[in-house]
Each structure stands twice: as C-alpha cells, then as structure tokens.
Amino acid sequence: MLSKENKFFIWKTKLNSLKNSPNLNASQKEFVQELISTLKIEYFEENVLVNHPHYYNVYLKEMKRIGNVLFTSDQMFLYFSKIEDVAARLPESGGDGGGELKSCNCSSSDDWCVGSATCFVWSCERHTGCGWWLKQECNGLCATNN
C-alpha cells in the first residue's frame, strides 16, 4: 500500500501535469490550481473523512459542483477520481465511479459514475477507493436506469 506521502505526490504531480495541459482553458486551469493550492498530505491519511470532514463534505462538494460546470462528467472522473495519465482515453458511458476493483465501483454518497449511469448501493465487496483522490468508500455499482 502506498504511503500518504506517495499518494500526495502522485496526485499533486497529476494535477500539475493537468494544469500545464494545452487542452485546458483558463477557467479550467484556475480550477486545477485551486485544488493544488488546497491539497495537503494529511488528506491522504487513514480515517480522512472523519478527521477532515469539512474538506471532503463541504469544500470538495462545492469544487465538484463548480467542476461539473467547467468539465464534462467524463473529464471530472478521469482527472480527479482516477490515477492515470491525463491524456488517457475517457471511459465508456456508464463506466465505473472511481473504484479500481471489480467489486463495488462507486460511492453512493459522492457519485462519480459517467454518462447516464448512477451509483446504486448494491451487495458488493466494499472498499476505499472511490471519489475525490480515491479516498471514499465504494459501496455500489454504476448502472443506467434504462
């Protein structure tokens, strides 16, 4: 398992790379810079949702609202809820919500499912690895309501 310092380094590096991307407009770059300026190592500790509830439940919720105006849902998912190169291919519609395992793949409390999919609480293996910085509990599956 990666240390909190390594997780912080990975996300900060990814955000800096994204901020310097020629594919982003000025508003998008400003948004990314805001995230960089507020990102702290302690946000990658165990029990972070308990120890830093304002950051996760208020600040990042508001940043997600703003981000959804500036980016597509696919971009939000790929840039801020996946550890991949920012130039990677966007997920297919209905893709996972940030989880890396094939069990639960989204968080019902902070839905990052793409396209027309929604996170439904399901009887699946729960784990941490969804949402912002992959720090939220995955407790559901992304699915469409069709």
# chains A, B, ... in the order shown; residues from 1 in each chain; ligands from 1
call {"tool": "residues_around", "arguments": {"residues": "region 47-49 of chain A", "least_positions_apart": "5", "cutoff": "8 Å", "atoms": "only C-alpha atoms", "output": "PyMOL selection string"}}
result
chain A and resi 42+56+135-136
call {"tool": "write_last_selection", "arguments": {"atoms": "C-alpha atoms", "output": "PDB file, in the first residue's frame"}}
result
ATOM      1  CA  GLU A  42      -2.963  14.828   5.713  1.00  0.00           C
ATOM      2  CA  TYR A  56     -14.385  16.318   1.946  1.00  0.00           C
ATOM      3  CA  LYS A 135     -10.462   8.180  -0.522  1.00  0.00           C
ATOM      4  CA  GLN A 136     -14.194   7.434  -0.276  1.00  0.00           C
TER       5      GLN A 136
END
call {"tool": "residues_around", "arguments": {"residues": "Ala117 (chain A)", "least_positions_apart": "2", "cutoff": "6 Å", "atoms": "only C-alpha atoms", "output": "mmCIF file with N, CA and C atoms, in the first residue's frame"}}
result
data_model
loop_
_atom_site.group_PDB
_atom_site.id
_atom_site.type_symbol
_atom_site.label_atom_id
_atom_site.label_comp_id
_atom_site.auth_asym_id
_atom_site.auth_seq_id
_atom_site.Cartn_x
_atom_site.Cartn_y
_atom_site.Cartn_z
ATOM 1 N N GLY A 94 -21.218 5.058 -18.661
ATOM 2 C CA GLY A 94 -21.630 4.070 -17.674
ATOM 3 C C GLY A 94 -20.466 3.412 -16.974
ATOM 4 N N CYS A 113 -20.074 8.267 -11.310
ATOM 5 C CA CYS A 113 -20.371 7.468 -12.496
ATOM 6 C C CYS A 113 -20.457 8.396 -13.704
ATOM 7 N N VAL A 114 -20.063 7.888 -14.854
ATOM 8 C CA VAL A 114 -20.021 8.716 -16.059
ATOM 9 C C VAL A 114 -21.223 8.461 -16.949
ATOM 10 N N GLY A 115 -21.418 9.368 -17.893
ATOM 11 C CA GLY A 115 -22.528 9.252 -18.824
ATOM 12 C C GLY A 115 -23.850 9.339 -18.086
ATOM 13 N N CYS A 142 -22.063 1.310 -10.600
ATOM 14 C CA CYS A 142 -22.570 2.245 -11.607
ATOM 15 C C CYS A 142 -23.454 1.480 -12.589
ATOM 16 N N ALA A 143 -24.633 1.998 -12.819
ATOM 17 C CA ALA A 143 -25.559 1.351 -13.753
ATOM 18 C C ALA A 143 -26.508 2.409 -14.306
ATOM 19 N N THR A 144 -27.048 2.122 -15.478
ATOM 20 C CA THR A 144 -28.053 3.019 -16.036
ATOM 21 C C THR A 144 -29.427 2.547 -15.576
#
call {"tool": "residues_around", "arguments": {"residues": "Leu2 (chain A)", "least_positions_apart": "5", "cutoff": "12 Å", "atoms": "only C-alpha atoms", "output": "list in words"}}
result
Lys7, Phe8, Phe9, Ile10, Phe44, Glu45 and Glu46 of chain A
call {"tool": "write_last_selection", "arguments": {"atoms": "N, CA, C and O atoms", "output": "tab-separated table (two decimals), in the first residue's frame"}}
result
chain	number	residue	atom	x	y	z
A	7	LYS	N	0.97	9.01	-2.08
A	7	LYS	CA	-0.34	9.33	-2.67
A	7	LYS	C	-0.43	10.83	-2.96
A	7	LYS	O	-0.89	11.23	-4.03
A	8	PHE	N	0.01	11.63	-2.00
A	8	PHE	CA	0.03	13.08	-2.19
A	8	PHE	C	0.88	13.45	-3.40
A	8	PHE	O	0.46	14.24	-4.25
A	9	PHE	N	2.07	12.88	-3.49
A	9	PHE	CA	2.98	13.17	-4.61
A	9	PHE	C	2.35	12.79	-5.95
A	9	PHE	O	2.41	13.56	-6.91
A	10	ILE	N	1.73	11.62	-6.00
A	10	ILE	CA	1.10	11.17	-7.25
A	10	ILE	C	0.01	12.14	-7.69
A	10	ILE	O	-0.06	12.56	-8.84
A	44	PHE	N	-4.59	12.40	2.86
A	44	PHE	CA	-4.38	11.03	2.39
A	44	PHE	C	-4.15	10.06	3.54
A	44	PHE	O	-3.76	8.92	3.33
A	45	GLU	N	-4.40	10.51	4.77
A	45	GLU	CA	-4.28	9.65	5.95
A	45	GLU	C	-5.46	8.69	6.02
A	45	GLU	O	-6.50	8.91	5.40
A	46	GLU	N	-5.30	7.67	6.85
A	46	GLU	CA	-6.43	6.79	7.15
A	46	GLU	C	-7.47	7.62	7.91
A	46	GLU	O	-7.13	8.57	8.59
call {"tool": "decode", "arguments": {"residues": "region 17-49 of chain A", "atoms": "N, CA, C and O atoms", "output": "mmCIF file, in the first residue's frame"}}
result
data_model
loop_
_atom_site.group_PDB
_atom_site.id
_atom_site.type_symbol
_atom_site.label_atom_id
_atom_site.label_comp_id
_atom_site.auth_asym_id
_atom_site.auth_seq_id
_atom_site.Cartn_x
_atom_site.Cartn_y
_atom_site.Cartn_z
ATOM 1 N N SER A 17 0.515 18.366 -13.945
ATOM 2 C CA SER A 17 0.544 17.993 -15.361
ATOM 3 C C SER A 17 -0.731 18.451 -16.060
ATOM 4 O O SER A 17 -0.690 18.999 -17.168
ATOM 5 N N LEU A 18 -1.853 18.243 -15.407
ATOM 6 C CA LEU A 18 -3.136 18.670 -15.963
ATOM 7 C C LEU A 18 -3.187 20.185 -16.127
ATOM 8 O O LEU A 18 -3.602 20.696 -17.165
ATOM 9 N N LYS A 19 -2.740 20.910 -15.104
ATOM 10 C CA LYS A 19 -2.754 22.378 -15.140
ATOM 11 C C LYS A 19 -1.928 22.919 -16.307
ATOM 12 O O LYS A 19 -2.264 23.941 -16.899
ATOM 13 N N ASN A 20 -0.867 22.204 -16.663
ATOM 14 C CA ASN A 20 0.009 22.642 -17.748
ATOM 15 C C ASN A 20 -0.412 22.117 -19.112
ATOM 16 O O ASN A 20 0.252 22.368 -20.109
ATOM 17 N N SER A 21 -1.529 21.418 -19.165
ATOM 18 C CA SER A 21 -2.014 20.849 -20.423
ATOM 19 C C SER A 21 -2.539 21.949 -21.354
ATOM 20 O O SER A 21 -3.301 22.820 -20.929
ATOM 21 N N PRO A 22 -2.155 21.903 -22.622
ATOM 22 C CA PRO A 22 -2.679 22.881 -23.575
ATOM 23 C C PRO A 22 -4.156 22.670 -23.897
ATOM 24 O O PRO A 22 -4.787 23.523 -24.516
ATOM 25 N N ASN A 23 -4.726 21.558 -23.446
ATOM 26 C CA ASN A 23 -6.134 21.250 -23.730
ATOM 27 C C ASN A 23 -7.107 21.940 -22.790
ATOM 28 O O ASN A 23 -8.308 21.900 -23.022
ATOM 29 N N LEU A 24 -6.604 22.547 -21.706
ATOM 30 C CA LEU A 24 -7.483 23.221 -20.764
ATOM 31 C C LEU A 24 -7.564 24.705 -21.054
ATOM 32 O O LEU A 24 -6.580 25.321 -21.447
ATOM 33 N N ASN A 25 -8.744 25.281 -20.822
ATOM 34 C CA ASN A 25 -8.890 26.725 -20.963
ATOM 35 C C ASN A 25 -8.474 27.400 -19.649
ATOM 36 O O ASN A 25 -8.183 26.733 -18.658
ATOM 37 N N ALA A 26 -8.482 28.705 -19.620
ATOM 38 C CA ALA A 26 -8.018 29.461 -18.443
ATOM 39 C C ALA A 26 -8.843 29.148 -17.200
ATOM 40 O O ALA A 26 -8.295 29.003 -16.104
ATOM 41 N N SER A 27 -10.153 29.028 -17.328
ATOM 42 C CA SER A 27 -11.010 28.735 -16.172
ATOM 43 C C SER A 27 -10.733 27.342 -15.614
ATOM 44 O O SER A 27 -10.716 27.142 -14.390
ATOM 45 N N GLN A 28 -10.525 26.388 -16.493
ATOM 46 C CA GLN A 28 -10.212 25.034 -16.060
ATOM 47 C C GLN A 28 -8.863 24.993 -15.352
ATOM 48 O O GLN A 28 -8.712 24.348 -14.311
ATOM 49 N N LYS A 29 -7.887 25.714 -15.879
ATOM 50 C CA LYS A 29 -6.569 25.763 -15.240
ATOM 51 C C LYS A 29 -6.644 26.424 -13.870
ATOM 52 O O LYS A 29 -5.982 25.986 -12.919
ATOM 53 N N GLU A 30 -7.458 27.446 -13.738
ATOM 54 C CA GLU A 30 -7.646 28.115 -12.450
ATOM 55 C C GLU A 30 -8.279 27.152 -11.434
ATOM 56 O O GLU A 30 -7.893 27.120 -10.264
ATOM 57 N N PHE A 31 -9.239 26.365 -11.885
ATOM 58 C CA PHE A 31 -9.875 25.357 -11.039
ATOM 59 C C PHE A 31 -8.844 24.347 -10.532
ATOM 60 O O PHE A 31 -8.790 24.045 -9.339
ATOM 61 N N VAL A 32 -8.010 23.855 -11.440
ATOM 62 C CA VAL A 32 -6.983 22.880 -11.067
ATOM 63 C C VAL A 32 -5.993 23.513 -10.090
ATOM 64 O O VAL A 32 -5.595 22.883 -9.103
ATOM 65 N N GLN A 33 -5.609 24.755 -10.338
ATOM 66 C CA GLN A 33 -4.687 25.442 -9.426
ATOM 67 C C GLN A 33 -5.289 25.582 -8.033
ATOM 68 O O GLN A 33 -4.590 25.437 -7.033
ATOM 69 N N GLU A 34 -6.568 25.843 -7.945
ATOM 70 C CA GLU A 34 -7.244 25.927 -6.648
ATOM 71 C C GLU A 34 -7.138 24.593 -5.909
ATOM 72 O O GLU A 34 -6.844 24.556 -4.710
ATOM 73 N N LEU A 35 -7.354 23.482 -6.618
ATOM 74 C CA LEU A 35 -7.227 22.166 -5.991
ATOM 75 C C LEU A 35 -5.798 21.920 -5.521
ATOM 76 O O LEU A 35 -5.575 21.414 -4.410
ATOM 77 N N ILE A 36 -4.832 22.290 -6.349
ATOM 78 C CA ILE A 36 -3.415 22.114 -5.976
ATOM 79 C C ILE A 36 -3.098 22.900 -4.714
ATOM 80 O O ILE A 36 -2.449 22.395 -3.798
ATOM 81 N N SER A 37 -3.563 24.136 -4.652
ATOM 82 C CA SER A 37 -3.212 25.008 -3.530
ATOM 83 C C SER A 37 -3.831 24.555 -2.206
ATOM 84 O O SER A 37 -3.339 24.927 -1.141
ATOM 85 N N THR A 38 -4.880 23.755 -2.257
ATOM 86 C CA THR A 38 -5.527 23.308 -1.022
ATOM 87 C C THR A 38 -5.204 21.856 -0.671
ATOM 88 O O THR A 38 -5.567 21.399 0.414
ATOM 89 N N LEU A 39 -4.531 21.132 -1.561
ATOM 90 C CA LEU A 39 -4.207 19.729 -1.329
ATOM 91 C C LEU A 39 -3.111 19.609 -0.274
ATOM 92 O O LEU A 39 -2.093 20.291 -0.357
ATOM 93 N N LYS A 40 -3.338 18.755 0.722
ATOM 94 C CA LYS A 40 -2.377 18.565 1.814
ATOM 95 C C LYS A 40 -2.141 17.074 2.036
ATOM 96 O O LYS A 40 -3.039 16.251 1.802
ATOM 97 N N ILE A 41 -0.955 16.758 2.520
ATOM 98 C CA ILE A 41 -0.603 15.358 2.777
ATOM 99 C C ILE A 41 -1.604 14.705 3.727
ATOM 100 O O ILE A 41 -1.986 13.548 3.535
ATOM 101 N N GLU A 42 -2.062 15.447 4.732
ATOM 102 C CA GLU A 42 -2.963 14.828 5.713
ATOM 103 C C GLU A 42 -4.299 14.397 5.114
ATOM 104 O O GLU A 42 -5.030 13.622 5.710
ATOM 105 N N TYR A 43 -4.627 14.872 3.910
ATOM 106 C CA TYR A 43 -5.862 14.436 3.261
ATOM 107 C C TYR A 43 -5.752 13.021 2.702
ATOM 108 O O TYR A 43 -6.713 12.500 2.144
ATOM 109 N N PHE A 44 -4.586 12.395 2.856
ATOM 110 C CA PHE A 44 -4.378 11.029 2.387
ATOM 111 C C PHE A 44 -4.146 10.061 3.541
ATOM 112 O O PHE A 44 -3.756 8.919 3.332
ATOM 113 N N GLU A 45 -4.396 10.507 4.772
ATOM 114 C CA GLU A 45 -4.282 9.649 5.948
ATOM 115 C C GLU A 45 -5.461 8.689 6.022
ATOM 116 O O GLU A 45 -6.496 8.914 5.398
ATOM 117 N N GLU A 46 -5.303 7.669 6.850
ATOM 118 C CA GLU A 46 -6.428 6.789 7.148
ATOM 119 C C GLU A 46 -7.466 7.616 7.907
ATOM 120 O O GLU A 46 -7.131 8.574 8.585
ATOM 121 N N ASN A 47 -8.704 7.258 7.826
ATOM 122 C CA ASN A 47 -9.809 7.941 8.514
ATOM 123 C C ASN A 47 -9.925 9.411 8.128
ATOM 124 O O ASN A 47 -10.357 10.239 8.923
ATOM 125 N N VAL A 48 -9.546 9.734 6.923
ATOM 126 C CA VAL A 48 -9.548 11.137 6.494
ATOM 127 C C VAL A 48 -10.946 11.741 6.485
ATOM 128 O O VAL A 48 -11.111 12.922 6.776
ATOM 129 N N LEU A 49 -11.943 10.965 6.180
ATOM 130 C CA LEU A 49 -13.305 11.503 6.140
ATOM 131 C C LEU A 49 -13.786 11.893 7.532
ATOM 132 O O LEU A 49 -14.589 12.815 7.677
#
